[in-house]
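What follows is the content of model.pdb, which has PDB, C-alpha atoms, pLDDT in the B column:
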```pdb
MODEL        1
ATOM      1  CA  THR A   1      97.786  92.237 126.654  1.00 54.00           C
ATOM      2  CA  GLN A   2      95.082  90.216 125.000  1.00 60.00           C
ATOM      3  CA  LEU A   3      96.804  88.554 122.047  1.00 81.00           C
ATOM      4  CA  LEU A   4      95.100  86.696 119.249  1.00 91.00           C
ATOM      5  CA  GLU A   5      97.060  84.148 117.239  1.00 93.00           C
ATOM      6  CA  GLN A   6      95.827  83.121 113.823  1.00 95.00           C
ATOM      7  CA  SER A   7      96.859  80.160 111.737  1.00 95.00           C
ATOM      8  CA  PRO A   8      97.737  79.544 109.047  1.00 96.00           C
ATOM      9  CA  GLN A   9      99.180  82.885 108.089  1.00 94.00           C
ATOM     10  CA  PHE A  10      99.024  82.125 104.368  1.00 95.00           C
ATOM     11  CA  LEU A  11      96.899  79.643 102.497  1.00 96.00           C
ATOM     12  CA  SER A  12      96.769  78.927  98.785  1.00 97.00           C
ATOM     13  CA  ILE A  13      94.198  76.414  97.604  1.00 97.00           C
ATOM     14  CA  GLN A  14      92.300  75.467  94.495  1.00 97.00           C
ATOM     15  CA  GLU A  15      88.675  76.210  93.848  1.00 97.00           C
ATOM     16  CA  GLY A  16      86.388  73.640  95.426  1.00 97.00           C
ATOM     17  CA  GLU A  17      88.634  72.758  98.348  1.00 97.00           C
ATOM     18  CA  ASN A  18      87.673  73.203 101.984  1.00 98.00           C
ATOM     19  CA  LEU A  19      89.726  75.084 104.539  1.00 98.00           C
ATOM     20  CA  THR A  20      89.768  76.053 108.196  1.00 98.00           C
ATOM     21  CA  VAL A  21      91.330  79.098 109.806  1.00 98.00           C
ATOM     22  CA  TYR A  22      92.026  79.152 113.519  1.00 97.00           C
ATOM     23  CA  CYS A  23      92.095  81.991 116.013  1.00 96.00           C
ATOM     24  CA  ASN A  24      93.488  81.290 119.477  1.00 95.00           C
ATOM     25  CA  SER A  25      94.133  83.261 122.624  1.00 92.00           C
ATOM     26  CA  SER A  26      95.084  82.679 126.225  1.00 89.00           C
ATOM     27  CA  SER A  27      92.509  85.291 127.224  1.00 86.00           C
ATOM     28  CA  VAL A  28      88.778  84.939 127.517  1.00 87.00           C
ATOM     29  CA  PHE A  29      86.783  87.217 125.247  1.00 85.00           C
ATOM     30  CA  SER A  30      83.203  88.305 125.718  1.00 82.00           C
ATOM     31  CA  SER A  31      82.907  88.053 121.955  1.00 85.00           C
ATOM     32  CA  LEU A  32      85.027  87.498 118.885  1.00 91.00           C
ATOM     33  CA  GLN A  33      84.531  88.917 115.462  1.00 92.00           C
ATOM     34  CA  TRP A  34      85.673  87.792 112.040  1.00 95.00           C
ATOM     35  CA  TYR A  35      86.440  90.264 109.279  1.00 94.00           C
ATOM     36  CA  ARG A  36      87.402  89.983 105.651  1.00 95.00           C
ATOM     37  CA  GLN A  37      89.549  92.611 104.022  1.00 94.00           C
ATOM     38  CA  GLU A  38      90.197  93.239 100.356  1.00 91.00           C
ATOM     39  CA  PRO A  39      93.447  94.949  99.294  1.00 87.00           C
ATOM     40  CA  GLY A  40      93.239  98.706  99.681  1.00 88.00           C
ATOM     41  CA  GLU A  41      89.983  98.628 101.606  1.00 91.00           C
ATOM     42  CA  GLY A  42      88.884  98.621 105.223  1.00 91.00           C
ATOM     43  CA  PRO A  43      87.849  95.351 106.899  1.00 92.00           C
ATOM     44  CA  VAL A  44      84.242  94.237 106.605  1.00 91.00           C
ATOM     45  CA  LEU A  45      82.521  92.421 109.442  1.00 90.00           C
ATOM     46  CA  LEU A  46      81.481  88.844 108.654  1.00 94.00           C
ATOM     47  CA  VAL A  47      80.165  87.643 111.989  1.00 93.00           C
ATOM     48  CA  THR A  48      80.222  88.142 115.752  1.00 91.00           C
ATOM     49  CA  VAL A  49      80.210  85.130 118.059  1.00 92.00           C
ATOM     50  CA  VAL A  50      79.231  85.680 121.660  1.00 89.00           C
ATOM     51  CA  THR A  51      78.248  82.449 123.375  1.00 91.00           C
ATOM     52  CA  GLY A  52      80.748  79.679 124.165  1.00 93.00           C
ATOM     53  CA  GLY A  53      80.192  76.780 121.770  1.00 95.00           C
ATOM     54  CA  GLU A  54      78.209  78.930 119.398  1.00 95.00           C
ATOM     55  CA  VAL A  55      78.165  78.018 115.711  1.00 97.00           C
ATOM     56  CA  LYS A  56      77.090  80.477 113.040  1.00 96.00           C
ATOM     57  CA  LYS A  57      76.759  79.888 109.336  1.00 97.00           C
ATOM     58  CA  LEU A  58      77.019  82.425 106.554  1.00 95.00           C
ATOM     59  CA  LYS A  59      76.405  80.590 103.285  1.00 96.00           C
ATOM     60  CA  ARG A  60      79.561  78.475 102.793  1.00 97.00           C
ATOM     61  CA  LEU A  61      81.268  79.941 105.863  1.00 97.00           C
ATOM     62  CA  THR A  62      80.904  78.326 109.276  1.00 98.00           C
ATOM     63  CA  PHE A  63      82.133  80.092 112.392  1.00 97.00           C
ATOM     64  CA  GLN A  64      82.591  78.460 115.767  1.00 97.00           C
ATOM     65  CA  PHE A  65      83.346  79.956 119.166  1.00 95.00           C
ATOM     66  CA  GLY A  66      85.157  77.703 121.607  1.00 95.00           C
ATOM     67  CA  ASP A  67      83.411  76.575 124.762  1.00 94.00           C
ATOM     68  CA  ALA A  68      85.870  78.535 126.908  1.00 93.00           C
ATOM     69  CA  ARG A  69      85.549  81.608 124.670  1.00 91.00           C
ATOM     70  CA  LYS A  70      89.286  81.688 124.040  1.00 92.00           C
ATOM     71  CA  ASP A  71      89.333  80.441 120.481  1.00 94.00           C
ATOM     72  CA  SER A  72      87.369  80.463 117.284  1.00 96.00           C
ATOM     73  CA  SER A  73      87.498  78.892 113.871  1.00 97.00           C
ATOM     74  CA  LEU A  74      86.318  79.763 110.392  1.00 98.00           C
ATOM     75  CA  HIS A  75      85.590  76.939 107.970  1.00 98.00           C
ATOM     76  CA  ILE A  76      84.962  77.576 104.290  1.00 98.00           C
ATOM     77  CA  THR A  77      83.359  74.849 102.223  1.00 98.00           C
ATOM     78  CA  ALA A  78      84.025  74.572  98.500  1.00 98.00           C
ATOM     79  CA  ALA A  79      86.135  77.701  98.315  1.00 97.00           C
ATOM     80  CA  GLN A  80      85.723  80.010  95.342  1.00 97.00           C
ATOM     81  CA  PRO A  81      88.083  82.605  93.851  1.00 96.00           C
ATOM     82  CA  GLY A  82      85.799  85.283  95.248  1.00 95.00           C
ATOM     83  CA  ASP A  83      86.735  84.118  98.751  1.00 96.00           C
ATOM     84  CA  THR A  84      90.278  85.384  98.217  1.00 96.00           C
ATOM     85  CA  GLY A  85      91.222  87.967 100.804  1.00 95.00           C
ATOM     86  CA  LEU A  86      92.639  88.597 104.253  1.00 95.00           C
ATOM     87  CA  TYR A  87      90.623  87.044 107.061  1.00 96.00           C
ATOM     88  CA  LEU A  88      91.007  88.629 110.470  1.00 95.00           C
ATOM     89  CA  CYS A  89      89.708  87.628 113.853  1.00 95.00           C
ATOM     90  CA  ALA A  90      89.326  90.319 116.479  1.00 93.00           C
ATOM     91  CA  GLY A  91      88.362  90.669 120.119  1.00 88.00           C
ATOM     92  CA  LEU A  92      87.474  93.649 122.255  1.00 78.00           C
ATOM     93  CA  ASN A  93      90.395  95.105 124.207  1.00 71.00           C
ATOM     94  CA  SER A  94      89.158  96.239 127.577  1.00 68.00           C
ATOM     95  CA  ASN A  95      92.425  98.146 128.149  1.00 68.00           C
ATOM     96  CA  SER A  96      92.072 100.439 125.129  1.00 67.00           C
ATOM     97  CA  GLY A  97      88.619 101.890 125.306  1.00 69.00           C
ATOM     98  CA  TYR A  98      87.227  98.638 123.953  1.00 74.00           C
ATOM     99  CA  ALA A  99      88.954  98.951 120.630  1.00 79.00           C
ATOM    100  CA  LEU A 100      89.330  95.784 118.629  1.00 85.00           C
ATOM    101  CA  ASN A 101      92.532  93.778 118.885  1.00 87.00           C
ATOM    102  CA  PHE A 102      93.192  91.952 115.659  1.00 91.00           C
ATOM    103  CA  GLY A 103      94.922  88.684 115.019  1.00 92.00           C
ATOM    104  CA  LYS A 104      97.727  88.673 112.464  1.00 90.00           C
ATOM    105  CA  GLY A 105      95.354  87.562 109.762  1.00 94.00           C
ATOM    106  CA  THR A 106      95.171  84.716 107.279  1.00 95.00           C
ATOM    107  CA  SER A 107      95.820  85.601 103.680  1.00 95.00           C
ATOM    108  CA  LEU A 108      93.759  83.266 101.499  1.00 96.00           C
ATOM    109  CA  LEU A 109      94.264  82.767  97.779  1.00 96.00           C
ATOM    110  CA  VAL A 110      91.798  80.601  95.893  1.00 97.00           C
ATOM    111  CA  THR A 111      92.826  79.800  92.351  1.00 97.00           C
ATOM    112  CA  PRO A 112      90.444  78.610  89.626  1.00 95.00           C
TER     113      PRO A 112
ATOM    114  CA  GLY B   1      74.033 100.632 107.807  1.00 64.00           C
ATOM    115  CA  ALA B   2      76.381 103.038 109.536  1.00 72.00           C
ATOM    116  CA  VAL B   3      79.004 104.603 107.314  1.00 88.00           C
ATOM    117  CA  VAL B   4      82.475 105.770 108.173  1.00 93.00           C
ATOM    118  CA  SER B   5      84.323 107.730 105.530  1.00 94.00           C
ATOM    119  CA  GLN B   6      88.003 108.594 105.261  1.00 96.00           C
ATOM    120  CA  HIS B   7      89.676 111.246 103.201  1.00 96.00           C
ATOM    121  CA  PRO B   8      91.915 111.212 101.317  1.00 97.00           C
ATOM    122  CA  SER B   9      91.894 107.639 100.045  1.00 95.00           C
ATOM    123  CA  TRP B  10      95.520 107.929  99.095  1.00 96.00           C
ATOM    124  CA  VAL B  11      98.165 110.581  99.381  1.00 96.00           C
ATOM    125  CA  ILE B  12     101.759 110.925  98.244  1.00 97.00           C
ATOM    126  CA  CYS B  13     103.954 113.448  99.978  1.00 96.00           C
ATOM    127  CA  LYS B  14     107.569 114.455 100.263  1.00 96.00           C
ATOM    128  CA  SER B  15     109.640 113.515 103.273  1.00 97.00           C
ATOM    129  CA  GLY B  16     109.407 116.142 105.993  1.00 96.00           C
ATOM    130  CA  THR B  17     105.930 117.366 105.165  1.00 97.00           C
ATOM    131  CA  SER B  18     102.795 116.841 107.263  1.00 97.00           C
ATOM    132  CA  VAL B  19      99.692 115.025 106.118  1.00 97.00           C
ATOM    133  CA  LYS B  20      96.188 115.162 107.594  1.00 97.00           C
ATOM    134  CA  ILE B  21      93.716 112.304 107.276  1.00 97.00           C
ATOM    135  CA  GLU B  22      90.061 112.799 108.117  1.00 97.00           C
ATOM    136  CA  CYS B  23      87.661 110.222 109.496  1.00 96.00           C
ATOM    137  CA  ARG B  24      83.947 111.026 109.492  1.00 95.00           C
ATOM    138  CA  SER B  25      80.956 109.130 110.781  1.00 92.00           C
ATOM    139  CA  LEU B  26      78.398 110.088 108.157  1.00 90.00           C
ATOM    140  CA  ASP B  27      75.099 109.088 109.725  1.00 85.00           C
ATOM    141  CA  PHE B  28      75.802 108.666 113.409  1.00 85.00           C
ATOM    142  CA  GLN B  29      77.640 110.314 116.263  1.00 86.00           C
ATOM    143  CA  ALA B  30      80.747 108.669 117.620  1.00 85.00           C
ATOM    144  CA  THR B  31      82.243 109.730 120.920  1.00 81.00           C
ATOM    145  CA  THR B  32      85.083 107.306 120.360  1.00 87.00           C
ATOM    146  CA  MET B  33      87.008 106.596 117.196  1.00 92.00           C
ATOM    147  CA  PHE B  34      90.017 104.367 116.745  1.00 93.00           C
ATOM    148  CA  TRP B  35      93.006 104.746 114.451  1.00 96.00           C
ATOM    149  CA  TYR B  36      94.829 101.723 113.077  1.00 96.00           C
ATOM    150  CA  ARG B  37      97.913 101.306 110.906  1.00 96.00           C
ATOM    151  CA  GLN B  38      98.445  98.408 108.567  1.00 95.00           C
ATOM    152  CA  PHE B  39     101.666  97.530 106.773  1.00 91.00           C
ATOM    153  CA  PRO B  40     101.597  95.356 103.642  1.00 86.00           C
ATOM    154  CA  LYS B  41     100.493  91.776 104.271  1.00 80.00           C
ATOM    155  CA  GLN B  42     100.144  92.463 107.989  1.00 86.00           C
ATOM    156  CA  SER B  43      97.236  92.906 110.346  1.00 89.00           C
ATOM    157  CA  LEU B  44      95.763  96.096 111.750  1.00 93.00           C
ATOM    158  CA  MET B  45      97.667  97.559 114.674  1.00 93.00           C
ATOM    159  CA  LEU B  46      95.838  99.923 117.007  1.00 93.00           C
ATOM    160  CA  MET B  47      97.599 103.279 117.191  1.00 95.00           C
ATOM    161  CA  ALA B  48      95.316 105.333 119.376  1.00 94.00           C
ATOM    162  CA  THR B  49      91.847 105.843 120.758  1.00 91.00           C
ATOM    163  CA  SER B  50      90.350 109.193 119.842  1.00 89.00           C
ATOM    164  CA  ASN B  51      87.924 110.648 122.359  1.00 85.00           C
ATOM    165  CA  GLU B  52      85.666 113.557 121.466  1.00 84.00           C
ATOM    166  CA  GLY B  53      86.568 116.652 123.415  1.00 82.00           C
ATOM    167  CA  SER B  54      89.600 115.172 125.135  1.00 85.00           C
ATOM    168  CA  LYS B  55      93.103 113.977 124.421  1.00 88.00           C
ATOM    169  CA  ALA B  56      93.675 110.811 122.500  1.00 92.00           C
ATOM    170  CA  THR B  57      95.006 107.732 124.220  1.00 92.00           C
ATOM    171  CA  TYR B  58      98.018 106.299 122.418  1.00 94.00           C
ATOM    172  CA  GLU B  59      99.189 102.714 122.361  1.00 92.00           C
ATOM    173  CA  GLN B  60     102.648 101.884 123.573  1.00 92.00           C
ATOM    174  CA  GLY B  61     105.295 102.703 121.010  1.00 93.00           C
ATOM    175  CA  VAL B  62     103.194 105.231 119.094  1.00 95.00           C
ATOM    176  CA  GLU B  63     104.645 108.756 119.216  1.00 94.00           C
ATOM    177  CA  LYS B  64     101.906 111.199 120.151  1.00 93.00           C
ATOM    178  CA  ASP B  65     103.900 114.170 118.890  1.00 95.00           C
ATOM    179  CA  LYS B  66     104.295 112.570 115.504  1.00 96.00           C
ATOM    180  CA  PHE B  67     100.756 111.294 115.083  1.00 97.00           C
ATOM    181  CA  LEU B  68      98.507 114.141 116.162  1.00 96.00           C
ATOM    182  CA  ILE B  69      94.891 113.189 116.726  1.00 95.00           C
ATOM    183  CA  ASN B  70      92.073 115.684 117.063  1.00 92.00           C
ATOM    184  CA  HIS B  71      88.468 114.700 117.750  1.00 89.00           C
ATOM    185  CA  ALA B  72      86.778 118.071 117.738  1.00 83.00           C
ATOM    186  CA  SER B  73      83.240 116.912 117.020  1.00 89.00           C
ATOM    187  CA  LEU B  74      81.106 113.821 117.369  1.00 89.00           C
ATOM    188  CA  THR B  75      81.438 113.063 113.681  1.00 92.00           C
ATOM    189  CA  LEU B  76      85.027 113.949 112.870  1.00 93.00           C
ATOM    190  CA  SER B  77      88.440 112.760 113.982  1.00 94.00           C
ATOM    191  CA  THR B  78      91.660 113.721 112.235  1.00 96.00           C
ATOM    192  CA  LEU B  79      95.079 112.106 112.211  1.00 97.00           C
ATOM    193  CA  THR B  80      98.017 114.294 111.244  1.00 97.00           C
ATOM    194  CA  VAL B  81     101.305 112.625 110.435  1.00 97.00           C
ATOM    195  CA  THR B  82     103.874 115.311 111.160  1.00 97.00           C
ATOM    196  CA  SER B  83     107.258 115.486 109.458  1.00 96.00           C
ATOM    197  CA  ALA B  84     106.484 112.320 107.569  1.00 97.00           C
ATOM    198  CA  HIS B  85     109.282 109.955 106.595  1.00 96.00           C
ATOM    199  CA  PRO B  86     109.300 106.956 104.242  1.00 96.00           C
ATOM    200  CA  GLU B  87     108.895 104.553 107.164  1.00 95.00           C
ATOM    201  CA  ASP B  88     105.541 106.212 107.899  1.00 96.00           C
ATOM    202  CA  SER B  89     104.243 104.957 104.567  1.00 96.00           C
ATOM    203  CA  SER B  90     101.346 102.704 105.459  1.00 96.00           C
ATOM    204  CA  PHE B  91      97.617 102.120 105.222  1.00 96.00           C
ATOM    205  CA  TYR B  92      95.806 104.077 107.927  1.00 97.00           C
ATOM    206  CA  ILE B  93      92.296 102.973 108.886  1.00 97.00           C
ATOM    207  CA  CYS B  94      89.857 104.536 111.308  1.00 96.00           C
ATOM    208  CA  SER B  95      86.847 102.982 112.943  1.00 93.00           C
ATOM    209  CA  ALA B  96      83.937 104.249 114.983  1.00 91.00           C
ATOM    210  CA  ARG B  97      81.476 102.591 117.310  1.00 80.00           C
ATOM    211  CA  LEU B  98      77.813 103.034 116.513  1.00 69.00           C
ATOM    212  CA  LEU B  99      76.592 102.893 120.082  1.00 61.00           C
ATOM    213  CA  GLN B 100      77.923 103.989 123.432  1.00 58.00           C
ATOM    214  CA  GLY B 101      79.537 101.379 125.558  1.00 56.00           C
ATOM    215  CA  THR B 102      81.403  98.270 124.596  1.00 54.00           C
ATOM    216  CA  THR B 103      78.991  96.151 122.663  1.00 58.00           C
ATOM    217  CA  GLY B 104      78.216  98.350 119.722  1.00 63.00           C
ATOM    218  CA  GLU B 105      79.511  97.225 116.363  1.00 72.00           C
ATOM    219  CA  LEU B 106      82.615  98.951 115.052  1.00 82.00           C
ATOM    220  CA  PHE B 107      82.462 100.317 111.535  1.00 87.00           C
ATOM    221  CA  PHE B 108      85.603 100.887 109.532  1.00 92.00           C
ATOM    222  CA  GLY B 109      86.535 103.534 107.046  1.00 94.00           C
ATOM    223  CA  GLU B 110      87.853 102.672 103.620  1.00 93.00           C
ATOM    224  CA  GLY B 111      91.405 103.416 104.674  1.00 95.00           C
ATOM    225  CA  SER B 112      93.952 106.002 103.556  1.00 97.00           C
ATOM    226  CA  ARG B 113      97.155 104.921 101.878  1.00 96.00           C
ATOM    227  CA  LEU B 114     100.071 107.205 102.639  1.00 97.00           C
ATOM    228  CA  THR B 115     103.234 107.069 100.568  1.00 97.00           C
ATOM    229  CA  VAL B 116     106.132 109.222 101.695  1.00 97.00           C
ATOM    230  CA  LEU B 117     108.829 109.762  99.110  1.00 96.00           C
TER     231      LEU B 117
ENDMDL
END
```
File written out as structure tokens:
Amino acid sequence: TQLLEQSPQFLSIQEGENLTVYCNSSSVFSSLQWYRQEPGEGPVLLVTVVTGGEVKKLKRLTFQFGDARKDSSLHITAAQPGDTGLYLCAGLNSNSGYALNFGKGTSLLVTP
Amino acid sequence: GAVVSQHPSWVICKSGTSVKIECRSLDFQATTMFWYRQFPKQSLMLMATSNEGSKATYEQGVEKDKFLINHASLTLSTLTVTSAHPEDSSFYICSARLLQGTTGELFFGEGSRLTVL
């Protein structure tokens, strides 16, 4: 089973602070994806990282894929209340028709 | 972009009744759709892979007789929760892959919240 571990599970910070969320696995993934989910809605894709060592930026969000393609991180600079949500990393599961296996998620709360 | 729609968005039912949730790919054909379940403050857990024209493949621990999946067309998959009980109350989310194969992006529905009284 290809398991993805995320940390921290919960994070509460003030507006303007920086934060990093980690996604780790013992398995190698051909790609990893990061999603953000609002309460009562489906997850929305933020980014897909494919190449080991790859770094992608999406405004204040920076995503990195580990060199060995087993881990990834999401860094948010100067967090804003609008960043509040559940952040999920996910990798393709070759044993289940290439469905996505999700990490447990990081619930982020940014207070003004 | 590709759109996946679920219906209903939320449903409340009495214990013992059956509830059907629909998942439609609105502007593309999907030979494979996936059903997930999400409990409060938890991540998405894959329940089953729905294959058009064939039987669904269920993950370990998911009762196939309780969660009936039908994928009768390339744009519609349904999940029926039979004889629902309060512990089945959850957020059910479907997803569909835009392209054949493994590299196509997965698009998610808006989710369906089931509350069993």
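Pairwise distance (atom CA of B:Arg37, atom CA of A:Gly40) equals 12.4 Å.
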Within 9 Å of file point (85.6, 73.8, 96.4), counting all atoms listed in the file, expressed as a PyMOL selection string: chain A and resi 14-18+76-80
Include C-alpha atoms and write out the residues we just selected as a PDB file, keeping the file's coordinate frame.
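That gives us selection.pdb:
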```pdb
ATOM      1  CA  GLN A  14      92.300  75.467  94.495  1.00 97.00           C
ATOM      2  CA  GLU A  15      88.675  76.210  93.848  1.00 97.00           C
ATOM      3  CA  GLY A  16      86.388  73.640  95.426  1.00 97.00           C
ATOM      4  CA  GLU A  17      88.634  72.758  98.348  1.00 97.00           C
ATOM      5  CA  ASN A  18      87.673  73.203 101.984  1.00 98.00           C
ATOM      6  CA  ILE A  76      84.962  77.576 104.290  1.00 98.00           C
ATOM      7  CA  THR A  77      83.359  74.849 102.223  1.00 98.00           C
ATOM      8  CA  ALA A  78      84.025  74.572  98.500  1.00 98.00           C
ATOM      9  CA  ALA A  79      86.135  77.701  98.315  1.00 97.00           C
ATOM     10  CA  GLN A  80      85.723  80.010  95.342  1.00 97.00           C
TER      11      GLN A  80
END
```
Protein/DNA/RNA residues near (78.4, 88.4, 121.0), cut 8 Å, all atoms listed in the file, as a VMD selection string: (chain A and resid 30 to 32 48 to 51) or (chain B and resid 103)
Exercise answer, chain A residues close to chain B, 7 Å and only C-alpha atoms, as a PyMOL selection string: chain A and resi 41-43+96-99+102-105
Pairwise distance for atom CA of A:Ser7 and atom CA of A:Gly53, rounded to one decimal in Å: 19.7 Å
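Residue membership of the PyMOL selection byres ((chain B and resi 84-86) around 12) in the shown file amounts to Val11, Ile12, Cys13, Lys14, Ser15, Gly16, Thr17, Ser18, Val19, Lys20, Asp65, Lys66, Phe67, Leu68, Thr80, Val81, Thr82, Ser83, Glu87, Asp88, Ser89, Ser90, Leu114, Thr115, Val116 and Leu117 of chain B.
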Result set, the PyMOL selection byres ((chain B and resi 28) around 10) on current file, as a list in words: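 Given this file, the PyMOL selection byres ((chain B and resi 28) around 10) evaluates to Gly1, Ala2, Val3, Val4, Arg24, Ser25, Leu26, Asp27, Gln29, Ala30, Thr31, Leu74, Thr75, Ala96, Arg97, Leu98 and Leu99 of chain B.
Our summary of the geometry notes that atom CA of A:Leu61 is positioned 19.2 Å from atom CA of A:Gly91.
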Counting all atoms listed in the file, the option among B:Ser77, B:Asn70, B:Gln38, B:Gln60 closest to B:Glu22: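 When distances to B:Glu22 are compared using all atoms listed in the file, the smallest one comes from B:Ser77.
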Reference answer for the PyMOL selection byres ((chain A and resi 74) around 6), as a PyMOL selection string: chain A and resi 20-21+62-63+73+75
From A:Tyr87, A:Phe29, A:Phe65, A:Tyr22, residue lying nearest A:Leu108 [only C-alpha atoms]: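 Of A:Tyr87, A:Phe29, A:Phe65, A:Tyr22, the one nearest A:Leu108 is A:Tyr87, counting only C-alpha atoms.
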Nearest residue to A:Trp34 from the set A:Gln9, A:Asn93, A:Thr111, A:Thr106 (distances using all atoms listed in the file):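 Smallest distance to A:Trp34 is found for A:Thr106.
Each of A:Gly82, A:Pro112, A:Gly52, A:Pro39 was compared to A:Asp67 using only C-alpha atoms, and A:Gly52 turns out to be the nearest.
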